[in-house]
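Trainee: Data: query.csv, CSV, C-alpha atoms.
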chain,number,residue,atom,x,y,z
V,1,MET,CA,21.8,69.1,-164.5
V,2,ALA,CA,19.0,71.6,-164.8
V,3,ILE,CA,16.5,69.5,-162.9
V,4,PRO,CA,18.7,68.8,-159.8
V,5,LEU,CA,19.7,72.5,-159.8
V,6,GLY,CA,16.1,73.6,-160.0
V,7,VAL,CA,15.1,71.3,-157.2
V,8,TRP,CA,18.1,72.5,-155.1
V,9,LEU,CA,17.2,76.2,-155.7
V,10,LEU,CA,13.4,75.9,-155.1
V,11,GLY,CA,14.1,73.7,-152.1
V,12,ARG,CA,16.1,76.6,-150.6
V,13,GLY,CA,13.5,79.2,-151.5
V,14,ARG,CA,15.2,80.6,-154.6
V,15,SER,CA,12.6,81.5,-157.2
V,16,GLU,CA,15.0,81.3,-160.2
V,17,GLY,CA,14.9,77.5,-159.7
V,18,ILE,CA,11.6,77.4,-161.6
V,19,ASN,CA,13.5,78.4,-164.8
V,20,CYS,CA,15.3,75.1,-164.7
V,21,PHE,CA,12.1,73.2,-165.6
V,22,ALA,CA,10.8,73.0,-169.1
V,23,PRO,CA,7.1,73.5,-169.9
V,24,GLY,CA,5.2,71.0,-172.0
V,25,ALA,CA,3.7,67.6,-171.8
V,26,GLY,CA,7.1,65.8,-172.5
V,27,ALA,CA,8.7,67.4,-169.4
V,28,LEU,CA,5.7,66.6,-167.3
V,29,PHE,CA,5.6,63.0,-168.4
V,30,ALA,CA,9.3,62.7,-167.7
V,31,ALA,CA,8.8,64.0,-164.2
V,32,LEU,CA,5.9,61.6,-163.7
V,33,ALA,CA,7.9,58.6,-165.0
V,34,PRO,CA,9.7,57.7,-161.7
V,35,THR,CA,6.4,57.5,-159.9
V,36,ILE,CA,4.8,55.3,-162.6
V,37,ALA,CA,7.9,53.1,-162.7
V,38,LEU,CA,7.8,52.6,-158.9
V,39,ALA,CA,4.1,51.7,-159.1
V,40,LEU,CA,4.7,49.2,-161.9
V,41,ILE,CA,7.5,47.6,-160.0
V,42,GLY,CA,5.4,47.5,-156.9
V,43,VAL,CA,2.5,45.8,-158.8
V,44,TRP,CA,4.9,43.3,-160.3
V,45,MET,CA,6.3,42.5,-156.9
V,46,ALA,CA,2.8,42.2,-155.4
V,47,PHE,CA,2.1,39.3,-157.6
V,48,MET,CA,5.0,37.5,-156.1
V,49,LEU,CA,3.5,37.7,-152.6
V,50,PRO,CA,1.4,34.9,-151.1
V,51,PRO,CA,-2.3,35.3,-152.1
V,52,ALA,CA,-3.3,36.5,-148.7
V,53,GLU,CA,-0.9,39.4,-148.9
V,54,ARG,CA,-1.4,40.2,-152.6
V,55,VAL,CA,-4.2,42.8,-152.2
V,56,MET,CA,-2.3,44.8,-149.6
V,57,GLY,CA,0.8,44.7,-151.9
V,58,LEU,CA,-1.2,46.0,-154.8
V,59,VAL,CA,-2.7,48.8,-152.6
V,60,ARG,CA,0.8,49.8,-151.4
V,61,ALA,CA,2.0,49.8,-155.0
V,62,VAL,CA,-0.6,52.1,-156.5
V,63,VAL,CA,-1.4,54.5,-153.6
V,64,PRO,CA,1.6,56.8,-154.3
V,65,LEU,CA,0.7,57.0,-158.0
V,66,VAL,CA,-3.0,57.7,-157.2
V,67,CYS,CA,-2.1,60.4,-154.7
V,68,THR,CA,0.2,62.0,-157.2
V,69,LEU,CA,-2.4,62.0,-160.0
V,70,LEU,CA,-5.0,63.4,-157.6
V,71,GLN,CA,-2.7,66.3,-156.7
V,72,LEU,CA,-2.1,66.9,-160.4
V,73,VAL,CA,-5.8,67.0,-161.2
V,74,VAL,CA,-6.5,69.4,-158.4
V,75,SER,CA,-3.7,71.7,-159.3
V,76,GLU,CA,-4.7,71.8,-162.9
V,77,LEU,CA,-8.3,72.7,-162.0
V,78,TYR,CA,-7.1,75.4,-159.7
V,79,ALA,CA,-4.7,76.7,-162.3
V,80,VAL,CA,-7.5,77.0,-164.8
V,81,PHE,CA,-9.6,78.7,-162.1
V,82,LEU,CA,-6.8,81.3,-161.6
V,83,SER,CA,-6.3,81.7,-165.4
V,84,ARG,CA,-2.8,80.2,-165.1
V,85,LYS,CA,-3.4,77.2,-167.4
V,86,GLY,CA,-0.4,78.2,-169.6
V,87,LEU,CA,2.0,78.0,-166.6
V,88,TRP,CA,0.6,74.7,-165.3
V,89,THR,CA,2.8,72.1,-167.1
V,90,ARG,CA,6.1,73.8,-166.0
V,91,TYR,CA,4.7,74.2,-162.5
V,92,ALA,CA,3.5,70.6,-162.4
V,93,THR,CA,6.9,69.4,-163.6
V,94,ALA,CA,8.7,71.4,-161.0
V,95,SER,CA,6.3,70.2,-158.3
V,96,LEU,CA,6.8,66.5,-159.2
V,97,TRP,CA,10.6,66.7,-159.2
V,98,CYS,CA,10.6,68.8,-156.0
V,99,GLY,CA,8.3,66.2,-154.4
V,100,TRP,CA,11.3,63.8,-154.1
V,101,LEU,CA,13.3,66.3,-152.0
V,102,PRO,CA,11.6,65.8,-148.6
V,103,LEU,CA,12.0,62.0,-149.0
V,104,VAL,CA,15.7,62.4,-149.7
V,105,MET,CA,16.0,64.8,-146.8
V,106,LEU,CA,14.2,62.3,-144.5
V,107,ILE,CA,16.5,59.5,-145.5
V,108,VAL,CA,19.6,61.6,-145.0
V,109,ALA,CA,18.3,62.9,-141.6
V,110,GLN,CA,17.6,59.3,-140.5
V,111,GLY,CA,21.2,58.3,-141.5
V,112,VAL,CA,22.7,61.3,-139.6
V,113,LEU,CA,20.5,60.5,-136.6
V,114,HIS,CA,21.6,56.9,-136.7
V,115,LEU,CA,25.3,58.0,-136.8
V,116,VAL,CA,25.0,60.6,-134.0
V,117,PHE,CA,22.6,58.8,-131.7
V,118,PRO,CA,22.5,55.1,-132.7
V,119,GLY,CA,20.1,54.0,-130.0
V,120,ALA,CA,17.6,56.9,-130.6
V,121,ALA,CA,17.5,56.5,-134.4
V,122,ALA,CA,15.2,53.5,-134.3
V,123,SER,CA,12.8,54.9,-131.7
V,124,GLY,CA,9.3,55.7,-132.7
V,125,GLN,CA,9.5,59.2,-131.3
V,126,ALA,CA,12.6,60.0,-133.4
V,127,LEU,CA,11.1,58.7,-136.6
V,128,ALA,CA,7.8,60.5,-135.9
V,129,GLY,CA,9.7,63.7,-135.3
V,130,LEU,CA,11.6,63.4,-138.5
V,131,ALA,CA,8.5,62.5,-140.4
V,132,PHE,CA,6.6,65.5,-138.9
V,133,GLY,CA,9.5,67.8,-139.9
V,134,ALA,CA,9.6,66.4,-143.4
V,135,GLN,CA,5.8,66.9,-143.7
V,136,LEU,CA,6.0,70.5,-142.6
V,137,TYR,CA,8.8,71.1,-145.2
V,138,THR,CA,6.7,69.3,-147.8
V,139,LEU,CA,3.8,71.7,-147.2
V,140,TRP,CA,6.1,74.7,-147.4
V,141,LEU,CA,7.7,73.5,-150.6
V,142,THR,CA,4.3,72.8,-152.1
V,143,TRP,CA,3.2,76.3,-151.2
V,144,TYR,CA,6.4,77.9,-152.5
V,145,VAL,CA,6.5,76.0,-155.8
V,146,THR,CA,2.9,77.0,-156.4
V,147,LYS,CA,3.6,80.6,-155.6
V,148,VAL,CA,6.6,80.8,-157.9
V,149,GLY,CA,5.4,78.4,-160.6
V,150,LEU,CA,1.9,79.7,-161.1
V,151,LEU,CA,2.8,83.3,-160.2
V,152,THR,CA,0.2,83.5,-157.4
V,153,THR,CA,-0.1,85.4,-154.3
V,154,GLY,CA,0.8,83.8,-151.0
V,155,TRP,CA,-2.8,83.3,-150.2
V,156,GLN,CA,-3.6,81.7,-153.5
V,157,ALA,CA,-0.7,79.3,-153.0
V,158,PHE,CA,-1.9,78.5,-149.5
V,159,VAL,CA,-5.4,77.6,-151.0
V,160,MET,CA,-3.7,75.4,-153.6
V,161,THR,CA,-1.7,73.6,-150.9
V,162,LEU,CA,-4.8,73.0,-148.9
V,163,LEU,CA,-6.7,71.9,-152.0
V,164,GLN,CA,-4.0,69.4,-152.8
V,165,THR,CA,-3.5,68.1,-149.3
V,166,LEU,CA,-7.1,67.6,-148.1
V,167,PRO,CA,-8.2,65.2,-150.9
V,168,VAL,CA,-5.0,63.1,-150.4
V,169,ALA,CA,-5.6,63.0,-146.7
V,170,ALA,CA,-9.2,62.0,-147.2
V,171,PHE,CA,-8.2,59.3,-149.7
V,172,LEU,CA,-5.7,57.9,-147.2
V,173,TRP,CA,-8.2,58.0,-144.4
V,174,ILE,CA,-10.8,56.1,-146.5
V,175,LEU,CA,-8.1,53.5,-147.3
V,176,TRP,CA,-7.4,53.1,-143.6
V,177,LEU,CA,-11.1,52.7,-142.8
V,178,LEU,CA,-12.0,50.2,-145.6
V,179,PRO,CA,-10.5,46.8,-146.1
V,180,PRO,CA,-7.7,45.9,-146.4
V,181,HIS,CA,-7.2,48.8,-143.9
V,182,TYR,CA,-4.0,50.3,-145.4
V,183,ASN,CA,-2.3,52.8,-143.0
V,184,ALA,CA,0.1,55.0,-145.0
V,185,VAL,CA,1.8,56.4,-141.8
V,186,VAL,CA,2.6,53.0,-140.5
V,187,ASP,CA,3.8,51.9,-143.9
V,188,LEU,CA,6.0,55.0,-144.4
V,189,LEU,CA,7.6,54.9,-141.0
V,190,GLY,CA,7.4,51.2,-140.2
V,191,ILE,CA,6.1,52.1,-136.8
V,192,SER,CA,2.7,52.4,-135.1
V,193,PHE,CA,1.5,55.0,-132.7
Show how you would write the structure in this file as structure tokens.
Mentor:
Amino acid sequence: MAIPLGVWLLGRGRSEGINCFAPGAGALFAALAPTIALALIGVWMAFMLPPAERVMGLVRAVVPLVCTLLQLVVSELYAVFLSRKGLWTRYATASLWCGWLPLVMLIVAQGVLHLVFPGAAASGQALAGLAFGAQLYTLWLTWYVTKVGLLTTGWQAFVMTLLQTLPVAAFLWILWLLPPHYNAVVDLLGISF
């Protein structure tokens, strides 16, 4: 129960939540396991698609894992730069587990919106608004977990958030430009703008 409690506390801006996460490679690999498992399931399912759709299926399967690994590499390099390498595994573990919170909140918000306003729940504007709110919360949560987990200043945590976000955004933009032209926003929301 320590991990859900830690996510709950950090997600609410309570710094003691970082103490719910263990340091070390074992805890880090356990936090990375769900993302790896989803990627492996996605790859397996991609091979069941017709040959014309297989490449896009493989791209969809591995993109979340690649984005997660990219963020981990950037955060470790920045932790070394800040002389916080000893705190990095616990921070990375907390960051990985907390990364699921905005997705859960987005799913719950969509469910509530569907119950309260059934017609509006499926609209592109409603989904875009929820996704925008979830993205803002994700950025704040990344900043906060960095500040608490690596014992940084607010400015250093802001730089870390920027350093983690920009390479992922560039990677997704390149995927959108190059064949098979994968658009992560459309894939996430199921809508186009």
Trainee: So the first atom is atom CA of V:Leu115 and the second is atom CA of V:Pro4; what is the distance between them in Å, to one decimal place?
Mentor: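 Atom-to-atom, atom CA of V:Leu115 to atom CA of V:Pro4, that is 26.3 Å.
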Trainee: My list of candidates is V:Ala27, V:Val159, V:Leu106, V:Met56. Which is closest to V:Tyr137 when distances are computed with all atoms listed in the file?
Mentor: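 Looking at the shortest contact to V:Tyr137, the residue is V:Leu106.
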Trainee: Show which residues sit within 10 Å of V:Gln135, as a PDB file with C-alpha atoms, in the coordinates of the input. Count only C-alpha atoms, and ignore same-chain residues fewer than 5 positions away.
Mentor:
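Result file follows (selection02.pdb):
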ATOM      1  CA  PRO V 102      11.600  65.800-148.600  1.00  0.00           C
ATOM      2  CA  LEU V 103      12.000  62.000-149.000  1.00  0.00           C
ATOM      3  CA  LEU V 106      14.200  62.300-144.500  1.00  0.00           C
ATOM      4  CA  GLY V 129       9.700  63.700-135.300  1.00  0.00           C
ATOM      5  CA  LEU V 130      11.600  63.400-138.500  1.00  0.00           C
ATOM      6  CA  TRP V 140       6.100  74.700-147.400  1.00  0.00           C
ATOM      7  CA  LEU V 141       7.700  73.500-150.600  1.00  0.00           C
TER       8      LEU V 141
END
Trainee: Of the candidates V:Met45, V:Val185, V:Ala31, V:Ala94, which one gets nearest to V:Ala169 if we count only C-alpha atoms?
Mentor: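 Closest to V:Ala169 of all the choices is V:Val185.
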Trainee: Which one is closest to V:Leu5: V:Leu113, V:Ile41, V:Ile18, V:Leu172? Count all atoms listed in the file.
Mentor: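 Checking each candidate against V:Leu5, we get V:Ile18 as the closest.
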Trainee: What does the distance from atom CA of V:Arg84 to atom CA of V:Thr146 come to in Å, to one decimal?
Mentor: 10.9 Å
Trainee: Extract, using all atoms listed in the file, all DNA, RNA and protein residues at most 8 Å from stretch 21-23 of chain V, discarding same-chain residues fewer than 4 positions from it, and format them as a list in words.
Mentor: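 Neighbouring residues, sequence-local ones excluded: Ala2, Ile3, Gly6, Gly17, Ala27, Leu28, Leu87, Thr89, Arg90, Tyr91, Thr93 and Ala94 of chain V.
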Trainee: Please dump the current selection as a PDB file, in the coordinates of the input; keep C-alpha atoms.
Mentor:
ATOM      1  CA  ALA V   2      19.000  71.600-164.800  1.00  0.00           C
ATOM      2  CA  ILE V   3      16.500  69.500-162.900  1.00  0.00           C
ATOM      3  CA  GLY V   6      16.100  73.600-160.000  1.00  0.00           C
ATOM      4  CA  GLY V  17      14.900  77.500-159.700  1.00  0.00           C
ATOM      5  CA  ALA V  27       8.700  67.400-169.400  1.00  0.00           C
ATOM      6  CA  LEU V  28       5.700  66.600-167.300  1.00  0.00           C
ATOM      7  CA  LEU V  87       2.000  78.000-166.600  1.00  0.00           C
ATOM      8  CA  THR V  89       2.800  72.100-167.100  1.00  0.00           C
ATOM      9  CA  ARG V  90       6.100  73.800-166.000  1.00  0.00           C
ATOM     10  CA  TYR V  91       4.700  74.200-162.500  1.00  0.00           C
ATOM     11  CA  THR V  93       6.900  69.400-163.600  1.00  0.00           C
ATOM     12  CA  ALA V  94       8.700  71.400-161.000  1.00  0.00           C
TER      13      ALA V  94
END
Trainee: So how far away is atom CA of V:Leu58 from atom CA of V:Ala92, in Å?
Mentor: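 Computing the Euclidean distance for atom CA of V:Ala92 and atom CA of V:Leu58 yields 26.2 Å.
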Trainee: As a list in words, please: the residues near V:Phe158 (cut-off 12 Å, only C-alpha atoms, same-chain neighbours under 3 positions excluded).
Mentor: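 After dropping sequence-adjacent residues, the list is Tyr78, Leu139, Trp140, Leu141, Thr142, Trp143, Tyr144, Val145, Thr146, Lys147, Thr152, Thr153, Gly154, Trp155, Thr161, Leu162, Leu163, Gln164 and Thr165 of chain V.
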Trainee: What would stretch 168-183 of chain V look like with N, CA, C and O atoms in place, written as a PDB file, keeping the file's coordinate frame?
Mentor:
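Output file out_4.pdb follows:
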ATOM      1  N   VAL V 168      -5.972  64.192-150.657  1.00  0.00           N
ATOM      2  CA  VAL V 168      -5.000  63.100-150.400  1.00  0.00           C
ATOM      3  C   VAL V 168      -5.235  62.546-149.011  1.00  0.00           C
ATOM      4  O   VAL V 168      -5.286  61.325-148.807  1.00  0.00           O
ATOM      5  N   ALA V 169      -5.355  63.436-148.028  1.00  0.00           N
ATOM      6  CA  ALA V 169      -5.600  63.000-146.700  1.00  0.00           C
ATOM      7  C   ALA V 169      -6.897  62.232-146.537  1.00  0.00           C
ATOM      8  O   ALA V 169      -6.960  61.194-145.861  1.00  0.00           O
ATOM      9  N   ALA V 170      -7.948  62.722-147.204  1.00  0.00           N
ATOM     10  CA  ALA V 170      -9.200  62.000-147.200  1.00  0.00           C
ATOM     11  C   ALA V 170      -9.135  60.649-147.845  1.00  0.00           C
ATOM     12  O   ALA V 170      -9.675  59.665-147.336  1.00  0.00           O
ATOM     13  N   PHE V 171      -8.428  60.577-148.953  1.00  0.00           N
ATOM     14  CA  PHE V 171      -8.200  59.300-149.700  1.00  0.00           C
ATOM     15  C   PHE V 171      -7.497  58.307-148.768  1.00  0.00           C
ATOM     16  O   PHE V 171      -7.905  57.147-148.652  1.00  0.00           O
ATOM     17  N   LEU V 172      -6.430  58.738-148.099  1.00  0.00           N
ATOM     18  CA  LEU V 172      -5.700  57.900-147.200  1.00  0.00           C
ATOM     19  C   LEU V 172      -6.493  57.439-146.000  1.00  0.00           C
ATOM     20  O   LEU V 172      -6.391  56.302-145.529  1.00  0.00           O
ATOM     21  N   TRP V 173      -7.315  58.328-145.505  1.00  0.00           N
ATOM     22  CA  TRP V 173      -8.200  58.000-144.400  1.00  0.00           C
ATOM     23  C   TRP V 173      -9.210  56.946-144.780  1.00  0.00           C
ATOM     24  O   TRP V 173      -9.470  55.996-144.032  1.00  0.00           O
ATOM     25  N   ILE V 174      -9.796  57.100-145.973  1.00  0.00           N
ATOM     26  CA  ILE V 174     -10.800  56.100-146.500  1.00  0.00           C
ATOM     27  C   ILE V 174     -10.079  54.754-146.650  1.00  0.00           C
ATOM     28  O   ILE V 174     -10.643  53.713-146.307  1.00  0.00           O
ATOM     29  N   LEU V 175      -8.852  54.755-147.167  1.00  0.00           N
ATOM     30  CA  LEU V 175      -8.100  53.500-147.300  1.00  0.00           C
ATOM     31  C   LEU V 175      -7.856  52.837-145.968  1.00  0.00           C
ATOM     32  O   LEU V 175      -7.830  51.606-145.869  1.00  0.00           O
ATOM     33  N   TRP V 176      -7.655  53.639-144.955  1.00  0.00           N
ATOM     34  CA  TRP V 176      -7.400  53.100-143.600  1.00  0.00           C
ATOM     35  C   TRP V 176      -8.697  52.499-143.039  1.00  0.00           C
ATOM     36  O   TRP V 176      -8.667  51.483-142.353  1.00  0.00           O
ATOM     37  N   LEU V 177      -9.847  53.132-143.341  1.00  0.00           N
ATOM     38  CA  LEU V 177     -11.100  52.700-142.800  1.00  0.00           C
ATOM     39  C   LEU V 177     -11.632  51.400-143.509  1.00  0.00           C
ATOM     40  O   LEU V 177     -12.220  50.521-142.877  1.00  0.00           O
ATOM     41  N   LEU V 178     -11.431  51.322-144.811  1.00  0.00           N
ATOM     42  CA  LEU V 178     -12.000  50.200-145.600  1.00  0.00           C
ATOM     43  C   LEU V 178     -10.958  49.090-145.752  1.00  0.00           C
ATOM     44  O   LEU V 178      -9.752  49.335-145.744  1.00  0.00           O
ATOM     45  N   PRO V 179     -11.445  47.870-145.900  1.00  0.00           N
ATOM     46  CA  PRO V 179     -10.500  46.800-146.100  1.00  0.00           C
ATOM     47  C   PRO V 179      -9.697  47.021-147.398  1.00  0.00           C
ATOM     48  O   PRO V 179     -10.241  47.560-148.355  1.00  0.00           O
ATOM     49  N   PRO V 180      -8.436  46.715-147.394  1.00  0.00           N
ATOM     50  CA  PRO V 180      -7.700  45.900-146.400  1.00  0.00           C
ATOM     51  C   PRO V 180      -7.042  46.784-145.315  1.00  0.00           C
ATOM     52  O   PRO V 180      -6.063  46.371-144.699  1.00  0.00           O
ATOM     53  N   HIS V 181      -7.594  47.960-145.033  1.00  0.00           N
ATOM     54  CA  HIS V 181      -7.200  48.800-143.900  1.00  0.00           C
ATOM     55  C   HIS V 181      -5.701  49.235-144.042  1.00  0.00           C
ATOM     56  O   HIS V 181      -4.892  48.985-143.168  1.00  0.00           O
ATOM     57  N   TYR V 182      -5.404  49.881-145.146  1.00  0.00           N
ATOM     58  CA  TYR V 182      -4.000  50.300-145.400  1.00  0.00           C
ATOM     59  C   TYR V 182      -3.763  51.609-144.615  1.00  0.00           C
ATOM     60  O   TYR V 182      -4.466  52.603-144.748  1.00  0.00           O
ATOM     61  N   ASN V 183      -2.721  51.597-143.773  1.00  0.00           N
ATOM     62  CA  ASN V 183      -2.300  52.800-143.000  1.00  0.00           C
ATOM     63  C   ASN V 183      -1.011  53.301-143.566  1.00  0.00           C
ATOM     64  O   ASN V 183       0.051  52.719-143.362  1.00  0.00           O
TER      65      ASN V 183
END
